[in-house]
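First the structure, in the form of C-alpha cells, and then the observations on it.
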Amino acid sequence: MLVVTVGLFAAAFAAPLIFRRLGRSTFYVLAAVPAAGLAWLLLQLPAVLAADQAAPAGAAAAPPGLTVPWIPALDVELAFRLDALSAVLGILVLGVGALVLFYCARYFKNDDPNIGPFGAQLTAFAASMFGLVTADDLILLFIFWELTTVLSYLLIGYARTRIYARRSALQALIVTTFGGLTMLLGLVLLGQVAGTYRLSEILASAAAGTPELIGTTVDIAILLILVGAVSKSALVPFHFWLPGAMAAPTPVSAYLHAAAMVKAGVYLIARLAPGFSTTAFWHPTLITLGLVTLFVGGWRALRQHDIKLILAYGTVSQLGFLIVVASIGTPDAALAAIALLMAHALFKAALFLGVGIIDHQAGTRDVRKLSGLARSAPKLFAVCFLGAASMAGLPPLYGFVAKEAVFESLLGGGTGLEGTFLGIGTAVWVVVAIVAGSVLTFAYSARFVWGAFATKPGVAATEFRPVPWMFIAAPAVLTLGTIVLAWIPGVVETLAAPYAALFGVSAEPIHLALWHGLTPALGLSAVVVLVGTAMFAARGAVARAQDKVYPLIDLQKLYRYTIGGLDNLAVWVTGRTQSGSLQHYLMVILIVGAATPAAAAIFMEQPVPLSALAFESPAQLVIGLCMIAGALLAVRANKRFLAVLMVAVTGYGMATIFALHGAPDLALTQLLVETIVLVAMVLALRSLPARLWVSNQTDKKWLRAAIGIGFAAVMVAIAVAAQAGRIADPISLSLPKMAYEIGNGHNIVNVILVDIRAWDTFGEITVLVAAATGVASLIYVRGRGDGGRALADVEPGSVDRGSEHIHSPSRKTAALAIARYFAESAREAWIVAGRTLAPERRSIIFEVVTRLLFHSLLLISVYLLLAGHNLPGGGFAGGLLAGLAFVIRYLAGGRYELAEATPISPGTLLGLGLGIAATSVVAPVAFGGELFQSAAFEFTLPIFGDHKFVTSTVFDVGVYLVVLGLALDVIRSLGSEIDERSEGRGITERHDDVPGTNQGVSR
C-alpha cells in the first residue's frame, strides 16, 4: 500500500520532466502506474477476503496492513490497512484513474499549456485518494483528505486564464476546506475519547459497545466528521460547488467528480457506519440531507442545457442517493451501497468521458445545438446510451442490479430506520422518496441521451469529426464493465460481503442478481420507468412548471453574498485599522502587550516580591544611566541619524550588561546584531529626509509617553514577579552538564541552539530564508544580481560623483584634476573597485584599513564558527561577523566593490545554508539514528594535538551561511540597489570647463 502510494507520488514528481520529451504520450506512461497498482491490488484480494472471512461476525477483521512509526509523541503513525471496503474503493481509484490518464493522451494536444503540471497533479490526486481509502490513522486520513482538496483546487482551475475556472476552483476549495477543518475537530475529539487514533481499533471498540464511545461527546464528534463528509460529497447545503467544478477539463470531472473525490465522503460514512450508525445525529442528518440532495440534484438536472451540467447535477443527486443507502447501517443496505457505489463510478465516469469526446469533436455541449450525433458517431452513441441506461436503472445493466438491491434492502425487514413521520414509518418515507428520486434520474438520463444524440427538428446536423478508437477506448471499457458486472454480479457481492458482515447477519439476506423474479422491487422499477418516461415525454410542461417554481433558497447566491460580505467586512476593518501610521501600530502593539499580562496579574493570584535590588555593581548603574540617557535623547532628537545612534546606545549597553554578567556569547551576538542593524538603518536613512517631521499635539505626546512608560513598567513587574515566583530549581543549573554530556560542548548557548533545541533553530533559519526571499522579490526587479555594468566597463571616478558641490570654477577644475589622478592611478588600488568611486568620495585611510581588516575578520568569523561549540561564538555570531566584513568592504568601495567581493549571490548562500542544515538534520536517519541526533569524533592531528569534532557543527555551518546570505541581502537591498536607483534617477551634467571630461555623469 505504501509502495503504491509512494510510486504514484514519484510518478507525479517525474511527470513534468517526461512531458518535455514525450509530450502528451506521457499520459500513457502515467496510466501504467495506477494500472500496475491495480494489478497489485487484485493479487491481494485473496488475502483480504481470507482475513475477513476468518474474523468473527461483527468484529473487526485483520486484513493486510502496514504500520510505520511517524510522530510517536502525538500517537500518529503511517498506518495503512487493506480490507474489503478499501479494496473496492482502491479498485475504483486505480482502475478509473488509469483509464482517465489513458484518455488524456488523446483529449489534450501537445501544445496545450501546462499539461505537464496537469498530468502530475492528476497522478498525485490518485496517490492521495488511494492513501485516503487505505489510511488506518485518523490524522493520516485527514492529511490525505486535505491533499485531495488542494489538488482538486489546482485541477479545477486548470484554465487559469478563465475567471470562471478560478472562481469555481476557489469556491470548491473554500467549501471543502471548511468541511475538512470541521471534520478535523471531530477526528481529534474522537481520537481523544477513544484513547487511540487507529481507525480499525476505534471501530472495533464502537462495535463492541465500549462505554467510552457512547455518549454526547462521541455524538458531537461524529456530527463534526459528518460535516466534512457531506461537504466533500456535495450534499445540500454544500451541493453548489460540484456543478461549478465543471469548469475543469472533462477528465477531471470524470475522475474527481464521478469516481474518486466525491466518493471520499461516501467512503467515510461507509467506514464509520459499522460503529456509529446508531449515534444520535447519524440518521437524522444523513437521511434528511441525502434525500433533499437526491431531489435537488435531479430537479435541477432537468433544467440544464449543457450536457456536462446534466451529468453534474445528476452526480449531486446520485451522491444523495448513495449517502442515504450507505448510512442505513444494515447488512443488506451495506451490500446495496457497495453495489451502487461501483455502478455509479462506472456509468458516470464513462458518460463524462463521452461528453469530453463530444465537446472535443463537435465544439459544443449545448443540447440546443447538438443534433444527429447518433448517426454521425454511432460508436460513441452506443457507449453513452448504455451508460445512461445503466444510470436510469434499465436492465440488463449493472445500474439496474444495484438499484434493485437498494429496493430489496429497503423493502425487507429490519431496515434500521426507526421512528415515524405523519403517522408513517421512516422506512416507508425513505422508499417513497428514493422511488421519486429514481424517476427524476430516469428523466434526466433520457434528457442526456436525447440532448446529446437525437436529431432535433429545425436544428442543423452537428459537424462531428470521426472518433479514433484510442479516444473512445476508456469510456468503452467502463461501459463494458457495467454490462459484464450485470451478468456476473457475484464478483461484487463477494467483495462486499465481508464489509456487510460487519453489521451482523441478516435474517433474509439479499443477493445481487439480474433477475429475482416478480418481486415488489421489480414493481418499483417498473413504476420508475413508466413515470420517468412520461415525465420525459412531457418535458415541455415540466420545464414550464419549473420556470414557475422560483427557488426559495439559492445556496449559490447565499455563498456569493457571504463571501462578498466577508470581503466588504475585511475592507472595512482594514480601512479602520491599517491607517498607515507607524505610531498607531506601535501604540496598539504596546497597549495589547501591556494590558494582557496586567489583566492576568490582576485576576490571577501572583507572587509579590518582598525586596528588589536596583543594581549589583556601580558599572551596572553607569551603563543603565547611559542607556536611559540614550533613550531620552532618541526621543528628543530632531534628526534621524542622531535618533538612530541614540537607539544603538541602548543596544550596546545591553551587550555590555551581558558581558558583565558572565555571558560573553550573548554579549558578542548582541554586539554584532546591533552593529548590523545600525549599519542597515543608516543605509536606509539615505532614502529619507534628514530631519524628523513631527506634527503631534501636546496631549498626544503625553498619551504616547504614558503608553511607553506603562508598557515598560508592566514588563519590569512581570520580570520581577517571575523571579519571585520561582519555586523550583531553574533548569539552567543542569544545562552545563547536559551541554557537555548530550551536546558534547562547553558553550551552553551554542549547544542549545544546534543540539538541544535544534528544531527551533532550524525553524528560525527557515523563516530567515523565507523573509529574505520575500524582501528580494519586492526590492529586486532583475533578481539578486547587481544588474549594473561589469567592473572593467566602469569609468574611473564615475560612481557617486559629487562635483556639483564645488562652486568655484577654478577650485572645481583643480579638485577634479587631482581626483582624477588618484582615481586612475593603479598604485593606489588598495581595494579592487575603489577607483570606480568619485575621488571626493574616497578615503585612502578607510581603504587601507579595509584591506587590513577584511580577511582578518573573515578568518575570525570562521574561527567563531568552528570554536563556537566550546567557546563564545557559533554559526550565528560567525555569520554576523562575516557580514560586517562585507559591510566594511561596501562602505569603502561602493556597490562594485561589494560585487567583486561576493561572487556567490546571497540567494545561493541562503539556499546552500538551508540545504546543508537540512541535510545534517536527516543524515543521522540513514545511519539508524534520529533527526538532529549528533555524534562526536575524537582524533589526533600532528602539531595540532587532540581534537573532538561534533557533527552538529555541520548544522552550524548552515546557520553561518544563512546569516551571511541574509546580511548580504540587507547590504545589497539597502545599499547597492539604492545606489543604482539613485544613479539612474540622477541628473546629467556636462563639465565642459575641464579638459577631457566632456561626457555626461549621473549622480
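Chain lettering (A, B, ...) mirrors the order of the C-alpha cells, residue numbering begins at 1 for each chain separately, and ligand numbering begins at 1 in order of display.
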Query raised in the report: Mind checking DSSP for region 62-173 of chain A and telling me the alpha helix (DSSP H) residues as a count of residues only?
Result: 74
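Near region 735-745 of chain A, within 8 Å and counting only C-alpha atoms, sit Ile731, Ser732, Ile748, Val751, Ile752, Asp755, Ile756, His869, Asn870, Ser934, Ala936 and Val950 of chain A; same-chain residues fewer than 3 positions away were not included.
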Dump C-alpha atoms for the selected residues as a compact mmCIF listing (two decimals), in the first residue's frame?
```
# COMPACT_ATOMS: atom_id res chain seq x y z
CA ILE A 731 16.77 24.19 34.55
CA SER A 732 19.80 26.36 33.84
CA ILE A 748 25.86 26.16 26.64
CA VAL A 751 24.78 23.64 22.24
CA ILE A 752 21.21 24.69 22.98
CA ASP A 755 21.52 20.39 19.51
CA ILE A 756 19.11 20.58 22.42
CA HIS A 869 30.74 24.64 20.39
CA ASN A 870 33.14 25.13 23.28
CA SER A 934 24.64 14.41 16.83
CA ALA A 936 31.29 13.23 18.42
CA VAL A 950 30.81 17.20 16.82
```
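Computed from the coordinates, the CA of Gly393 (chain A) to CA of Ala339 (chain A) distance equals 12.6 Å.
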Query raised in the report: Any idea what's packed within 7 Å of Leu370 (chain A), counting only C-alpha atoms, ignoring anything in its chain fewer than 5 positions away? Could you give it as a ChimeraX atom specification?
Result: /A:451-452,462
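Between CA of Val262 (chain A) and CA of Gly437 (chain A) the interatomic distance comes to 19.3 Å.
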Requested in this report: For CA of Thr574 (chain A) and CA of Arg560 (chain A), determine how far apart the two atoms are, in Å to one decimal place.
Outcome: 20.8 Å
Query - region 396-408 of chain A environment, 10 Å, only C-alpha atoms, sequence neighbours closer than 3 positions dropped, as a PyMOL selection string - result: chain A and resi 321-322+325+332-344+346-347+386-393+411-413+431+434-435+438+479-489+509-516+519-525
Query raised in the report: Could you name the residues that touch Leu242 (chain A) at 9 Å or less, counting only C-alpha atoms, but leaving out those on the same chain fewer than 4 positions away, as a PyMOL selection string?
Result: chain A and resi 168+172+233-234+238+246+257+262+312-313+315-316
**Report entry** Distance query Met1 (chain A) at most 10 Å, only C-alpha atoms, self and fewer than 4 positions along chain excluded, as a PyMOL selection string
**Finding:** chain A and resi 5-7+37+40-41+64-66+79-82+130-131+134-135
Requested in this report: Just the residues within 10 Å of Val252 (chain A), please, counting only C-alpha atoms, with nothing from its chain fewer than 2 positions along; format it as a PyMOL selection string.
Outcome: chain A and resi 97+100-101+104+118+122+152+155-156+158+245-250+254-258+260+349+352-353
File dump, residues just selected, C-alpha atoms, as a compact mmCIF listing (two decimals), in the first residue's frame:
```txt
# COMPACT_ATOMS: atom_id res chain seq x y z
CA GLY A 97 -7.57 6.61 -12.72
CA VAL A 100 -8.72 8.55 -17.34
CA LEU A 101 -4.97 9.11 -17.72
CA CYS A 104 -6.00 12.24 -21.56
CA PHE A 118 -1.79 18.83 -15.05
CA LEU A 122 -3.90 14.19 -11.63
CA SER A 152 -8.76 19.33 -6.81
CA LEU A 155 -7.17 20.67 -11.31
CA ILE A 156 -10.45 22.60 -11.40
CA TYR A 158 -6.52 24.30 -14.90
CA ALA A 245 -16.38 22.50 -10.67
CA MET A 246 -17.40 21.55 -14.22
CA ALA A 247 -15.11 24.38 -15.28
CA ALA A 248 -12.40 21.74 -15.02
CA PRO A 249 -11.34 19.68 -18.05
CA THR A 250 -13.62 16.71 -18.65
CA ALA A 254 -14.83 12.03 -14.87
CA TYR A 255 -12.29 11.15 -12.21
CA LEU A 256 -12.72 13.56 -9.32
CA HIS A 257 -16.43 14.24 -9.57
CA ALA A 258 -17.67 10.81 -10.55
CA ALA A 260 -12.94 9.48 -6.77
CA ALA A 349 -17.17 8.20 -15.47
CA PHE A 352 -18.30 12.26 -18.52
CA LEU A 353 -15.60 10.92 -20.83
```
Query raised in the report: So which residues of region 847-941 of chain A fall under strand (DSSP E or B) by DSSP, listed as a ChimeraX atom specification?
Result: /A:936-941
Output C-alpha atoms for every residue in that selection, as a tab-separated table (two decimals), in the first residue's frame.
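Everything below was put into again.tsv:
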```tsv
chain	number	residue	atom	x	y	z
A	936	ALA	CA	31.29	13.23	18.42
A	937	PHE	CA	34.57	12.03	16.91
A	938	GLU	CA	37.87	12.35	18.74
A	939	PHE	CA	41.11	12.32	16.78
A	940	THR	CA	44.72	13.48	16.96
A	941	LEU	CA	46.49	15.65	14.37
```
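Distance annotation: of A:Pro46, A:Ile323, A:Pro113, A:Phe125, the residue with the minimal separation from Pro34 (chain A) is A:Phe125; atom set is only C-alpha atoms.
Here the question is which of A:Leu30, A:Ile888, A:Ala648, A:Ile589 gets nearest to Met627 (chain A) using only C-alpha atoms, and that residue is A:Ala648.
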